[in-house]
file work-v5.txt (compact mmCIF, C-alpha atoms)
# COMPACT_ATOMS: atom_id res chain seq x y z
CA MET A 1 281.53 149.15 -80.71
CA THR A 2 278.92 151.80 -81.20
CA TYR A 3 279.66 155.36 -80.14
CA TYR A 4 276.86 157.37 -78.63
CA ASN A 5 277.06 161.12 -79.13
CA SER A 6 275.83 163.40 -76.38
CA ASP A 7 273.84 165.50 -78.85
CA SER A 8 271.66 162.64 -80.13
CA SER A 9 267.98 162.45 -79.34
CA PRO A 10 267.03 161.03 -75.93
CA ILE A 11 265.63 157.49 -75.88
CA GLN A 12 263.50 155.97 -73.17
CA SER A 13 265.18 153.01 -71.56
CA PRO A 14 263.13 149.82 -71.09
CA SER A 15 264.40 149.02 -67.60
CA ARG A 16 265.72 150.64 -64.45
CA ARG A 17 269.22 149.50 -65.25
CA ARG A 18 269.27 151.40 -68.53
CA PHE A 19 269.66 155.16 -68.61
CA LEU A 20 268.24 157.79 -70.94
CA GLN A 21 270.58 159.14 -73.56
CA TYR A 22 270.82 162.87 -73.04
CA ALA A 23 270.86 165.85 -75.36
CA CYS A 24 273.72 168.36 -75.56
CA LEU A 25 273.31 171.70 -73.80
CA ALA A 26 274.01 173.44 -77.11
CA THR A 27 270.47 172.49 -78.20
CA LEU A 28 268.84 174.10 -75.20
CA THR A 29 267.43 177.55 -74.67
CA ALA A 30 266.65 176.94 -71.03
CA ALA A 31 269.90 178.51 -69.87
CA THR A 32 268.55 181.97 -70.55
CA THR A 33 264.88 181.32 -69.90
CA LYS A 34 263.04 180.80 -66.65
CA LEU A 35 262.05 177.15 -66.43
CA ALA A 36 258.38 176.90 -67.26
CA SER A 37 257.84 173.71 -65.31
CA CYS A 38 259.04 175.08 -62.00
CA THR A 39 257.94 178.70 -62.07
CA GLY A 40 254.77 180.68 -61.76
CA PRO A 41 252.29 181.19 -58.94
CA GLN A 42 251.40 178.31 -56.69
CA GLN A 43 247.97 176.85 -57.37
CA PRO A 44 245.75 174.66 -55.21
CA SER A 45 246.27 170.97 -55.79
CA ALA A 46 243.58 169.11 -57.68
CA GLN A 47 244.04 166.23 -55.26
CA GLY A 48 244.77 166.64 -51.60
CA GLY A 49 244.84 170.44 -51.39
CA ASP A 50 248.43 171.31 -50.47
CA GLY A 51 249.44 167.68 -50.85
CA SER A 52 249.55 167.00 -47.13
CA SER A 53 246.61 164.62 -47.22
CA GLY A 54 246.62 161.24 -48.92
CA GLY A 55 245.38 160.27 -52.36
CA GLY A 56 247.43 162.72 -54.43
CA THR A 57 250.15 162.31 -57.01
CA LEU A 58 253.69 163.61 -56.72
CA ARG A 59 255.77 164.07 -59.85
CA ILE A 60 259.55 163.90 -59.62
CA LEU A 61 262.27 164.46 -62.21
CA SER A 62 265.36 162.47 -61.29
CA TRP A 63 268.21 160.21 -62.19
CA SER A 64 267.27 156.53 -62.43
CA GLY A 65 267.09 154.53 -59.21
CA TYR A 66 264.95 156.87 -57.16
CA ASP A 67 261.90 155.29 -58.75
CA GLU A 68 262.68 151.76 -57.54
CA PRO A 69 259.96 150.27 -55.28
CA GLU A 70 262.48 149.44 -52.56
CA ILE A 71 263.25 153.16 -52.28
CA ILE A 72 259.99 155.00 -52.90
CA GLY A 73 257.48 152.33 -51.87
CA LYS A 74 257.42 153.13 -48.15
CA PHE A 75 256.85 156.83 -48.84
CA GLU A 76 253.92 156.02 -51.10
CA GLN A 77 252.43 153.67 -48.52
CA ASP A 78 252.92 156.00 -45.55
CA ASN A 79 251.41 159.00 -47.38
CA GLN A 80 248.85 157.10 -49.49
CA VAL A 81 250.10 158.77 -52.63
CA LYS A 82 251.48 157.80 -56.00
CA VAL A 83 254.91 159.12 -57.01
CA GLU A 84 255.49 159.38 -60.74
CA PHE A 85 259.02 159.72 -62.10
CA LYS A 86 260.60 161.02 -65.27
CA THR A 87 264.25 160.05 -65.42
CA TYR A 88 267.11 161.78 -67.20
CA VAL A 89 270.86 161.51 -67.73
CA GLY A 90 272.89 164.67 -67.20
CA GLY A 91 271.92 168.15 -66.16
CA GLU A 92 271.54 169.30 -69.77
CA GLN A 93 268.73 166.84 -70.35
CA MET A 94 267.13 167.72 -67.03
CA LEU A 95 266.92 171.36 -68.08
CA GLN A 96 265.58 170.33 -71.46
CA PHE A 97 262.78 168.29 -69.91
CA PHE A 98 261.81 171.23 -67.69
CA ASN A 99 261.84 173.67 -70.55
CA GLN A 100 259.53 171.44 -72.57
CA SER A 101 257.02 170.90 -69.74
CA PRO A 102 254.00 173.03 -68.74
CA PRO A 103 254.17 175.00 -65.47
CA GLY A 104 253.71 172.83 -62.39
CA THR A 105 254.49 169.57 -64.19
CA PHE A 106 257.06 168.56 -61.56
CA ASP A 107 256.87 168.86 -57.78
CA GLY A 108 260.44 167.87 -56.94
CA ILE A 109 263.79 167.42 -58.60
CA ILE A 110 266.82 165.30 -57.95
CA SER A 111 269.56 167.52 -59.29
CA ASP A 112 273.33 167.37 -59.52
CA GLY A 113 275.05 169.95 -57.37
CA GLU A 114 276.30 172.09 -60.24
CA TYR A 115 272.83 172.22 -61.80
CA VAL A 116 271.19 173.29 -58.56
CA LYS A 117 273.03 176.55 -59.21
CA LYS A 118 271.29 176.89 -62.57
CA LEU A 119 267.92 176.14 -61.01
CA MET A 120 268.57 178.79 -58.38
CA GLU A 121 269.50 181.38 -61.00
CA LEU A 122 266.28 180.61 -62.84
CA GLN A 123 264.27 180.90 -59.61
CA ALA A 124 262.94 177.45 -60.38
CA ILE A 125 263.20 175.95 -56.89
CA ASP A 126 262.15 177.03 -53.42
CA PRO A 127 264.56 177.73 -50.56
CA LEU A 128 264.67 174.98 -47.94
CA ASN A 129 264.75 175.45 -44.17
CA PRO A 130 267.49 173.36 -42.55
CA SER A 131 265.32 173.06 -39.42
CA ASP A 132 262.90 170.97 -41.52
CA PHE A 133 265.63 168.37 -41.95
CA PRO A 134 266.70 167.05 -38.54
CA ASP A 135 268.71 164.28 -40.20
CA LEU A 136 271.17 166.89 -41.51
CA ALA A 137 272.91 166.55 -38.15
CA SER A 138 273.87 163.00 -39.17
CA PHE A 139 275.23 164.00 -42.57
CA THR A 140 278.93 163.86 -43.34
CA SER A 141 280.41 167.31 -42.74
CA VAL A 142 280.96 167.90 -46.48
CA TYR A 143 277.24 167.61 -47.17
CA GLN A 144 275.88 169.42 -44.14
CA LYS A 145 276.58 172.64 -46.02
CA PHE A 146 277.72 171.56 -49.46
CA PRO A 147 278.36 174.73 -51.57
CA GLY A 148 276.61 173.25 -54.58
CA PHE A 149 273.37 173.03 -52.61
CA PHE A 150 273.46 176.54 -51.13
CA GLN A 151 272.96 180.09 -52.37
CA GLY A 152 275.05 181.98 -49.86
CA ASP A 153 273.69 180.84 -46.50
CA GLN A 154 270.37 179.71 -47.97
CA MET A 155 269.91 175.98 -48.48
CA MET A 156 268.30 175.15 -51.83
CA ALA A 157 268.84 171.38 -51.98
CA VAL A 158 269.48 168.59 -49.51
CA GLY A 159 272.01 165.87 -50.30
CA THR A 160 270.90 162.34 -51.11
CA ARG A 161 274.02 160.51 -52.34
CA PHE A 162 277.40 160.92 -54.02
CA GLY A 163 280.10 158.91 -55.75
CA ASN A 164 283.19 159.28 -57.92
CA TYR A 165 284.55 158.84 -61.42
CA GLY A 166 287.74 157.00 -60.50
CA ILE A 167 289.35 154.26 -62.58
CA ALA A 168 287.52 150.93 -62.70
CA TYR A 169 289.47 147.93 -63.97
CA ASN A 170 289.49 144.16 -64.37
CA THR A 171 292.02 142.51 -62.05
CA LYS A 172 292.38 139.56 -64.45
CA PHE A 173 294.31 141.82 -66.81
CA ILE A 174 295.58 144.72 -64.70
CA LYS A 175 297.59 144.79 -61.48
CA PRO A 176 296.77 147.30 -58.71
CA GLU A 177 300.24 148.85 -58.84
CA GLU A 178 299.61 149.85 -62.46
CA VAL A 179 296.58 151.98 -61.60
CA THR A 180 298.04 154.71 -59.41
CA SER A 181 297.83 157.66 -61.81
CA TRP A 182 295.51 158.96 -64.50
CA ASN A 183 298.37 158.54 -66.95
CA PHE A 184 297.63 154.81 -66.80
CA LEU A 185 294.84 155.49 -69.30
CA THR A 186 297.42 156.46 -71.95
CA ASP A 187 299.23 153.09 -71.75
CA PRO A 188 299.40 151.58 -75.29
CA LYS A 189 298.56 148.12 -73.94
CA LEU A 190 295.03 149.38 -73.30
CA LYS A 191 294.39 150.08 -77.00
CA GLY A 192 290.71 149.54 -77.73
CA LYS A 193 289.99 148.44 -74.16
CA LEU A 194 288.64 151.53 -72.34
CA ALA A 195 285.05 152.57 -71.62
CA LEU A 196 283.98 156.18 -70.92
CA PHE A 197 280.76 157.54 -69.51
CA ASP A 198 279.59 160.05 -72.11
CA TRP A 199 279.51 163.41 -70.33
CA TYR A 200 282.01 166.19 -70.81
CA LEU A 201 282.04 167.41 -67.19
CA PRO A 202 283.46 164.29 -65.45
CA THR A 203 285.68 163.28 -68.37
CA MET A 204 287.29 166.70 -68.76
CA GLY A 205 287.38 167.23 -65.00
CA ASN A 206 289.41 164.07 -64.51
CA ALA A 207 291.73 165.07 -67.37
CA SER A 208 292.21 168.42 -65.63
CA LEU A 209 293.19 166.62 -62.42
CA ALA A 210 295.62 164.44 -64.37
CA LEU A 211 297.41 167.55 -65.60
CA PHE A 212 296.89 169.98 -62.72
CA PRO A 213 296.38 167.87 -59.57
CA ASN A 214 297.10 170.73 -57.19
CA SER A 215 294.50 173.07 -58.63
CA PRO A 216 291.76 173.90 -56.08
CA ASN A 217 289.13 173.71 -58.82
CA PRO A 218 289.64 171.38 -61.83
CA TYR A 219 287.13 173.49 -63.80
CA ASP A 220 288.97 176.78 -63.27
CA LEU A 221 291.29 176.65 -66.29
CA SER A 222 292.91 179.16 -68.59
CA ASP A 223 292.32 178.77 -72.33
CA GLN A 224 295.79 177.29 -72.66
CA GLN A 225 295.19 174.78 -69.88
CA LEU A 226 291.87 173.81 -71.42
CA GLN A 227 293.62 173.06 -74.70
CA GLN A 228 296.07 170.88 -72.77
CA VAL A 229 293.11 168.96 -71.35
CA LYS A 230 291.84 168.23 -74.86
CA ASP A 231 295.32 167.22 -76.02
CA TRP A 232 295.65 164.81 -73.07
CA LEU A 233 292.30 163.23 -73.88
CA ILE A 234 293.33 162.78 -77.50
CA LYS A 235 296.32 160.79 -76.22
CA VAL A 236 293.83 158.53 -74.45
CA LYS A 237 291.53 158.21 -77.48
CA PRO A 238 293.29 155.26 -79.23
CA ASN A 239 292.56 153.20 -76.13
CA VAL A 240 288.84 154.01 -76.09
CA ALA A 241 286.43 151.35 -77.33
CA LEU A 242 283.14 152.67 -75.94
CA ILE A 243 281.70 156.09 -75.13
CA THR A 244 278.12 155.93 -73.89
CA PRO A 245 275.75 157.39 -71.28
CA ASN A 246 274.16 153.95 -70.95
CA VAL A 247 275.30 152.29 -67.73
CA GLN A 248 274.17 148.82 -68.77
CA ASP A 249 276.24 149.01 -71.96
CA ILE A 250 279.31 149.80 -69.87
CA THR A 251 278.65 147.03 -67.35
CA ASN A 252 278.04 144.53 -70.17
CA ALA A 253 281.30 145.55 -71.84
CA PHE A 254 283.19 144.95 -68.59
CA ILE A 255 281.50 141.59 -68.08
CA ASN A 256 282.19 140.32 -71.60
CA GLU A 257 285.74 141.72 -71.35
CA SER A 258 285.50 143.83 -74.48
CA VAL A 259 286.74 146.59 -72.16
CA ILE A 260 288.99 146.10 -69.15
CA ALA A 261 289.23 149.59 -67.65
CA GLY A 262 287.82 153.09 -67.73
CA PRO A 263 287.25 156.31 -65.76
CA VAL A 264 283.69 155.28 -64.91
CA GLY A 265 284.10 155.13 -61.14
CA ASP A 266 282.68 153.02 -58.37
CA TRP A 267 279.01 153.75 -59.06
CA ILE A 268 279.02 151.81 -62.34
CA ILE A 269 281.42 148.99 -61.57
CA GLN A 270 279.71 148.16 -58.27
CA ASN A 271 276.73 146.80 -60.19
CA VAL A 272 279.07 144.30 -61.83
CA ILE A 273 280.55 143.33 -58.47
CA ALA A 274 277.08 143.03 -56.94
CA ASP A 275 276.22 140.56 -59.71
CA GLY A 276 279.00 138.27 -58.46
CA LYS A 277 281.89 139.39 -60.64
CA THR A 278 284.59 139.81 -58.02
CA ASN A 279 287.46 140.51 -60.42
CA PHE A 280 286.64 144.21 -60.67
CA VAL A 281 287.90 147.17 -58.63
CA SER A 282 287.54 150.95 -58.69
CA VAL A 283 290.25 153.26 -57.35
CA VAL A 284 290.85 156.98 -57.00
CA PRO A 285 294.25 157.81 -58.59
CA LYS A 286 296.86 159.76 -56.67
CA GLU A 287 295.86 162.99 -58.45
CA GLY A 288 292.28 162.62 -57.17
CA ALA A 289 289.00 162.13 -59.03
CA ILE A 290 285.80 164.00 -59.80
CA ARG A 291 282.92 163.48 -57.36
CA TRP A 292 279.26 163.71 -58.29
CA SER A 293 276.62 164.88 -55.81
CA GLU A 294 272.85 164.52 -55.99
CA GLY A 295 270.30 166.45 -53.96
CA ALA A 296 266.54 166.83 -53.56
CA THR A 297 264.80 170.12 -54.33
CA VAL A 298 261.21 171.43 -54.28
CA CYS A 299 259.82 173.16 -57.38
CA SER A 300 258.53 176.70 -56.99
CA ALA A 301 255.45 175.96 -59.12
CA SER A 302 254.58 172.68 -57.40
CA LYS A 303 250.90 172.25 -56.61
CA ASN A 304 251.85 169.80 -53.86
CA LYS A 305 254.54 171.65 -51.92
CA ALA A 306 253.77 170.14 -48.53
CA LEU A 307 253.99 166.66 -50.00
CA ALA A 308 257.10 167.57 -51.99
CA LEU A 309 258.75 168.73 -48.77
CA LYS A 310 257.78 165.43 -47.10
CA TRP A 311 259.43 163.61 -50.00
CA ALA A 312 262.62 165.65 -49.66
CA GLN A 313 262.65 164.91 -45.91
CA TYR A 314 262.10 161.22 -46.63
CA MET A 315 265.14 161.23 -48.92
CA THR A 316 267.36 162.28 -45.99
CA LEU A 317 266.39 159.37 -43.70
CA PRO A 318 269.15 156.84 -43.08
CA GLU A 319 266.84 153.93 -43.96
CA THR A 320 265.95 155.55 -47.29
CA GLN A 321 269.54 156.41 -48.14
CA ALA A 322 270.69 152.89 -47.29
CA ARG A 323 268.38 151.56 -49.99
CA LEU A 324 269.21 154.39 -52.39
CA ALA A 325 272.92 153.72 -52.01
CA ASN A 326 272.24 150.15 -53.13
CA ALA A 327 269.83 150.99 -55.96
CA LYS A 328 269.69 148.56 -58.87
CA ALA A 329 270.22 151.33 -61.45
CA TYR A 330 273.58 152.32 -60.00
CA LYS A 331 275.22 152.54 -56.60
CA GLY A 332 276.19 155.55 -54.52
CA ILE A 333 277.34 156.70 -51.10
CA ALA A 334 274.83 158.03 -48.59
CA THR A 335 275.21 161.58 -47.34
CA ASN A 336 273.69 160.41 -44.03
CA THR A 337 276.43 158.68 -42.03
CA LYS A 338 273.85 156.55 -40.19
CA ALA A 339 272.72 154.87 -43.41
CA SER A 340 275.31 152.11 -43.02
CA GLN A 341 273.46 150.94 -39.89
CA PHE A 342 270.66 149.81 -42.21
CA MET A 343 272.92 147.92 -44.62
CA SER A 344 273.92 144.28 -44.65
CA ASP A 345 277.57 143.35 -44.21
CA GLN A 346 277.71 142.54 -47.92
CA GLU A 347 276.36 145.99 -48.82
CA LYS A 348 278.85 147.69 -46.53
CA GLN A 349 281.70 145.75 -48.13
CA LEU A 350 280.54 146.63 -51.63
CA LEU A 351 280.17 150.35 -50.97
CA GLY A 352 283.28 150.81 -48.84
CA TYR A 353 281.80 151.19 -45.37
CA ILE A 354 284.76 149.23 -44.04
CA PRO A 355 288.13 150.30 -42.57
CA ASP A 356 290.74 151.58 -45.01
CA LYS A 357 293.83 149.49 -44.35
CA SER A 358 296.13 152.32 -45.40
CA THR A 359 294.45 155.06 -43.33
CA SER A 360 294.03 154.48 -39.62
CA GLY A 361 290.63 155.33 -38.19
CA LYS A 362 288.89 155.98 -41.52
CA THR A 363 286.62 153.98 -43.77
CA LEU A 364 287.10 153.65 -47.52
CA VAL A 365 284.11 155.95 -47.96
CA GLU A 366 285.71 158.67 -45.82
CA VAL A 367 289.02 158.41 -47.67
CA GLN A 368 287.21 158.61 -51.01
CA LEU A 369 285.47 161.79 -49.90
CA ASP A 370 288.81 163.30 -48.83
CA ARG A 371 290.47 162.53 -52.17
CA THR A 372 287.76 163.63 -54.59
CA ARG A 373 286.74 167.06 -55.92
CA ALA A 374 283.17 168.15 -56.55
CA ARG A 375 282.09 168.24 -60.17
CA GLN A 376 281.37 171.83 -61.20
CA LEU A 377 280.63 173.97 -64.24
CA PRO A 378 283.40 175.70 -66.24
CA VAL A 379 284.61 178.91 -64.57
CA ASN A 380 286.41 180.89 -67.29
CA GLN A 381 284.79 179.72 -70.53
CA PRO A 382 281.22 179.22 -71.73
CA GLU A 383 280.04 175.65 -71.33
CA LYS A 384 279.75 175.32 -75.10
CA VAL A 385 283.51 175.84 -75.44
CA TRP A 386 284.11 172.82 -73.21
CA GLN A 387 281.45 170.81 -75.00
CA ASP A 388 282.92 171.60 -78.40
CA LEU A 389 286.39 170.54 -77.28
CA TYR A 390 284.93 167.36 -75.80
CA ASN A 391 283.18 166.58 -79.10
CA GLU A 392 286.46 167.21 -80.93
CA PHE A 393 288.06 164.60 -78.68
CA LYS A 394 285.24 162.12 -79.38
CA THR A 395 285.51 162.54 -83.14
CA SER A 396 289.34 162.62 -83.24

call {"tool": "encode", "arguments": {"input": "work-v5.txt", "output": "structure tokens"}}
result
Amino acid sequence: MTYYNSDSSPIQSPSRRRFLQYACLATLTAATTKLASCTGPQQPSAQGGDGSSGGGTLRILSWSGYDEPEIIGKFEQDNQVKVEFKTYVGGEQMLQFFNQSPPGTFDGIISDGEYVKKLMELQAIDPLNPSDFPDLASFTSVYQKFPGFFQGDQMMAVGTRFGNYGIAYNTKFIKPEEVTSWNFLTDPKLKGKLALFDWYLPTMGNASLALFPNSPNPYDLSDQQLQQVKDWLIKVKPNVALITPNVQDITNAFINESVIAGPVGDWIIQNVIADGKTNFVSVVPKEGAIRWSEGATVCSASKNKALALKWAQYMTLPETQARLANAKAYKGIATNTKASQFMSDQEKQLLGYIPDKSTSGKTLVEVQLDRTRARQLPVNQPEKVWQDLYNEFKTS
């Protein structure tokens, strides 16, 4: 199968179920430069003044899915506005798009938790007032004050959904008792049968958990431990058939059985299950798994700040998050605990809003949240060191 390198040029996908291939952070200069697209003095909006009246346009940079009519349509109708989206894959590409855009291009951002920190450092996004988000009271406790979305006590982003990078597998070929540990991925019987989502942070984070499951932060590694992470991944490499940031390529590979497992998590494999393929499962190994977190932010240079704030508020509503959790692009778990009230029984079953048989009084979603660790940026080494080691693994 074709390998997709993370430093190749981004390509626009033709449908919502195909993602953009993202560029490596090594090609970016945004890390040391204030983002042009989200900085500078606020200017009056060309349409609708501050954006609070109808008839304007809101521009959002986000992961795929947020642009689906089932999710954004009601906001557009209620506010008589048009929301335009530019989608990306990975925080590196998000920063690249900002750096290449004129000031005020984007009004809002859906950002991963660890990249909210970068946006804060660049003064690219406005602080948010928790009192503007009454639905925060219904959020799961982890996301009421998620560290990735805060700068000290100041909220900078509000959570929209999360998920994990556990092990997905085909039950036709693999028994549940085999998939209890990350070391399952090194099993020789899986040679040429694994799929990986092409991003160094989740892949290396999970490898860190495989080796150091008791570490409070999988990204806080010594140089020696980081080398061990690369060595462990190289053990897995003979089993890898596909490395790609394209979700549809991964789902197709699972469906046609050219791959039968991979650390791609629930958010990818649930699309396959939703399409009627019931012989697929995703589990969090005993060592834990990396969790991704997405949140809404408001750009400092937005010309439509009032409307951008309305959009961020809209993204916290349980009805909105119920639809977002079931997006066609990929699935996720709502940060708002009331979202499940707006889901069908089939949707609840798919996403895990059902009792966990092994844990009394908790749902599968709650257990997943307990057993996963937030994806973060490297603590002790420059990001490029991690990226270079990841590329060495891919080319080994």

call {"tool": "atom_distance", "arguments": {"input": "work-v5.txt", "atom1": "CA of Ala274 in chain A", "atom2": "CA of Glu114 in chain A"}}
result
29.3 Å

call {"tool": "closest_residue", "arguments": {"input": "work-v5.txt", "among": "A:Lys175, A:Lys117, A:Thr180, A:Asp370", "to": "Gln151 in chain A", "atoms": "all atoms listed in the file"}}
result
A:Lys117

call {"tool": "closest_residue", "arguments": {"input": "work-v5.txt", "among": "A:Ile110, A:Ile290, A:Glu76, A:Gly56", "to": "Leu201 in chain A", "atoms": "only C-alpha atoms"}}
result
A:Ile290

call {"tool": "residues_near_point", "arguments": {"input": "work-v5.txt", "point": "(289.8, 163.5, -57.9)", "cutoff": "8 Å", "atoms": "all atoms listed in the file", "output": "list in words"}}
result
Asn164, Tyr165, Gly166, Asn206, Leu209, Val284, Pro285, Glu287, Gly288, Ala289, Ile290, Arg291, Arg371, Thr372 and Arg373 of chain A

call {"tool": "atom_distance", "arguments": {"input": "work-v5.txt", "atom1": "CA of Gln376 in chain A", "atom2": "CA of Phe146 in chain A"}}
result
12.3 Å
